[in-house]
Amino acid sequence: MVSVDELRGMIGKEAKVEVTQIEKGMIKKAAEAIGDPNPLWQDEKRARKTKYGGIIAPPGLLITAMMSGSRPEGSMPFQRLLAGGGEWEFLLPIRAGDVITSTTALADVYEREGKAGKMLFFIFETIHKNQLDEVVAKSRSTLINY
Amino acid sequence: MAKQLYWEDVADGSELTPIPKIATTQMLVKWAGASGDLNPAHYEDTFAAAQGLNRAFVQGQLKRAWLVQLVTTWIGDEGTLKKLSCQFRAVDWPRFMASLTDPKEGETWWCKGNATKKYVQDDEHLIDCDIWVENGKGEKTTPGKATVALPSRGKS
């Protein structure tokens, strides 16, 4: 089995880049799935009158970049995987038409003894930039492998 | 939409307007499609059971999205969500569907929060909050924190 030290050797190296084209339909689908009627995500006419000047994406819409894209496949020694939580910093609004590039790197790995035996905690950090190369958000997520 | 919340309207301990949520198997599938997180543990019972988690369970990210809704609804159009974090501390299982559109009887979740700190930093009027999702038994399955900026009546 791969050791924690070997895994720690991947910190900062495992950068993965994912590009997401933000579309109105995608924002609407996400808002509908959540059950969030906020007009900022869906009502162009209403959103135009706000400080944003139009529809924006709900903060944290980019989850695939944070979750599925960020696993160093093959390097997690245990079979089970659970999301442990996350942190988001929102710096600029994300709009329909934006092209967001999310770059993820492994930030930390540590081991803990849980009820089910050894558990590995993987911390990933992602920087999200728009097409103007502005950082729109930063996120950290924890995946628990056990 | 409710009227705009101002920084001066909030005191330490002020409650964020709670939002009820009903997770259903249908909502989980919608979220899987919308988010692109296609982990079968959220729509295939046997897959979740093999992970020791009984049956398909609510995506942590969906609960995180509920918390974003809680905060962004409370702060209104002129507020800004600056930071949000949460921990997926306990697993939640969705209600089954009774018909194409309606859930069976069962658990209702609540998104709740309290303001914990009011301060001004770099000319922004900020509030820190504790936020959480609680299950039908009142247990906080998804605790977190948020920082928001609100408009101030002191500024034109």
# chains A, B, ... in the order shown; residues from 1 in each chain; ligands from 1
$ residues_around --residues "A:Leu40" --least-positions-apart "2" --cutoff "7 Å" --atoms "only C-alpha atoms" --output "list in words"
Asn38, Gln42, Asp43, Ala47, Ile55 and Ile56 of chain A
$ write_last_selection --atoms "all heavy atoms" --output "PDB file, in the first residue's frame"
ATOM      1  N   ASN A  38     -34.144  32.491  -6.032  1.00  0.00           N
ATOM      2  CA  ASN A  38     -33.515  33.817  -6.090  1.00  0.00           C
ATOM      3  C   ASN A  38     -33.453  34.336  -7.538  1.00  0.00           C
ATOM      4  O   ASN A  38     -32.857  33.696  -8.400  1.00  0.00           O
ATOM      5  CB  ASN A  38     -32.106  33.721  -5.505  1.00  0.00           C
ATOM      6  CG  ASN A  38     -31.504  35.083  -5.217  1.00  0.00           C
ATOM      7  OD1 ASN A  38     -31.764  36.046  -5.925  1.00  0.00           O
ATOM      8  ND2 ASN A  38     -30.715  35.151  -4.167  1.00  0.00           N
ATOM      9  N   GLN A  42     -31.811  33.725 -12.130  1.00  0.00           N
ATOM     10  CA  GLN A  42     -32.711  33.311 -13.212  1.00  0.00           C
ATOM     11  C   GLN A  42     -33.452  34.425 -13.933  1.00  0.00           C
ATOM     12  O   GLN A  42     -33.840  34.254 -15.080  1.00  0.00           O
ATOM     13  CB  GLN A  42     -33.778  32.349 -12.656  1.00  0.00           C
ATOM     14  CG  GLN A  42     -33.197  31.066 -12.129  1.00  0.00           C
ATOM     15  CD  GLN A  42     -34.257  30.005 -11.944  1.00  0.00           C
ATOM     16  OE1 GLN A  42     -35.018  29.743 -12.858  1.00  0.00           O
ATOM     17  NE2 GLN A  42     -34.321  29.408 -10.770  1.00  0.00           N
ATOM     18  N   ASP A  43     -33.711  35.527 -13.278  1.00  0.00           N
ATOM     19  CA  ASP A  43     -34.588  36.548 -13.836  1.00  0.00           C
ATOM     20  C   ASP A  43     -33.736  37.705 -14.376  1.00  0.00           C
ATOM     21  O   ASP A  43     -33.339  38.600 -13.641  1.00  0.00           O
ATOM     22  CB  ASP A  43     -35.542  37.031 -12.716  1.00  0.00           C
ATOM     23  CG  ASP A  43     -36.565  38.027 -13.217  1.00  0.00           C
ATOM     24  OD1 ASP A  43     -36.365  38.606 -14.302  1.00  0.00           O
ATOM     25  OD2 ASP A  43     -37.558  38.241 -12.512  1.00  0.00           O
ATOM     26  N   ALA A  47     -32.523  40.953 -12.447  1.00  0.00           N
ATOM     27  CA  ALA A  47     -31.098  40.953 -12.091  1.00  0.00           C
ATOM     28  C   ALA A  47     -30.388  42.158 -12.699  1.00  0.00           C
ATOM     29  O   ALA A  47     -29.409  42.661 -12.165  1.00  0.00           O
ATOM     30  CB  ALA A  47     -30.440  39.656 -12.554  1.00  0.00           C
ATOM     31  N   ILE A  55     -27.839  38.432 -14.727  1.00  0.00           N
ATOM     32  CA  ILE A  55     -27.801  37.134 -14.029  1.00  0.00           C
ATOM     33  C   ILE A  55     -26.367  36.756 -13.656  1.00  0.00           C
ATOM     34  O   ILE A  55     -25.449  36.936 -14.449  1.00  0.00           O
ATOM     35  CB  ILE A  55     -28.410  36.042 -14.939  1.00  0.00           C
ATOM     36  CG1 ILE A  55     -29.944  36.160 -14.948  1.00  0.00           C
ATOM     37  CG2 ILE A  55     -27.991  34.653 -14.502  1.00  0.00           C
ATOM     38  CD1 ILE A  55     -30.619  35.132 -15.813  1.00  0.00           C
ATOM     39  N   ILE A  56     -26.204  36.261 -12.434  1.00  0.00           N
ATOM     40  CA  ILE A  56     -24.918  35.676 -12.044  1.00  0.00           C
ATOM     41  C   ILE A  56     -25.160  34.227 -11.622  1.00  0.00           C
ATOM     42  O   ILE A  56     -26.307  33.816 -11.425  1.00  0.00           O
ATOM     43  CB  ILE A  56     -24.225  36.459 -10.890  1.00  0.00           C
ATOM     44  CG1 ILE A  56     -25.124  36.525  -9.652  1.00  0.00           C
ATOM     45  CG2 ILE A  56     -23.827  37.854 -11.354  1.00  0.00           C
ATOM     46  CD1 ILE A  56     -24.397  36.960  -8.382  1.00  0.00           C
TER      47      ILE A  56
END
$ interface_residues --of "chain A" --to "chain B" --cutoff "6 Å" --atoms "only C-alpha atoms" --output "PDB file with C-alpha atoms, in the first residue's frame"
ATOM      1  CA  LYS A  29     -30.693  23.897 -13.845  1.00  0.00           C
ATOM      2  CA  ALA A  30     -28.537  24.219 -10.739  1.00  0.00           C
ATOM      3  CA  ALA A  33     -32.165  21.406  -8.495  1.00  0.00           C
ATOM      4  CA  THR A  64     -17.136  19.518 -10.531  1.00  0.00           C
ATOM      5  CA  GLY A  84     -15.563  15.805   4.248  1.00  0.00           C
ATOM      6  CA  GLY A  85     -16.437  19.427   3.554  1.00  0.00           C
ATOM      7  CA  GLY A  86     -14.994  22.517   1.995  1.00  0.00           C
ATOM      8  CA  GLU A  87     -14.225  26.199   2.124  1.00  0.00           C
ATOM      9  CA  TRP A  88     -14.951  28.787  -0.533  1.00  0.00           C
ATOM     10  CA  GLU A  89     -13.764  32.321  -1.001  1.00  0.00           C
ATOM     11  CA  PHE A  90     -15.792  34.286  -3.540  1.00  0.00           C
TER      12      PHE A  90
END
$ residues_around --residues "stretch 106-109 of chain A" --least-positions-apart "4" --cutoff "10 Å" --atoms "only C-alpha atoms" --output "NGL selection string"
:A and (4-5 or 7-16 or 70-72 or 120-126 or 140-144)
$ atom_distance --atom1 "atom CA of B:Asp102" --atom2 "atom CA of B:Phe57"
18.5 Å
$ select_by_dssp --residues "chain A" --states "helix (DSSP H, G or I)" --output "list in words"
Val4, Asp5, Glu6, Leu7, Arg8, Lys24, Gly25, Met26, Ile27, Lys28, Lys29, Ala30, Ala31, Glu32, Ala33, Ile34, Pro39, Leu40, Trp41, Gln42, Glu44, Lys45, Arg46, Ala47, Arg48, Ser68, Gly69 and Ser70 of chain A
$ select_by_dssp --residues "stretch 106-148 of chain B" --states "strand (DSSP E)" --output "ChimeraX atom specification"
/B:109-121,124-134,140-148
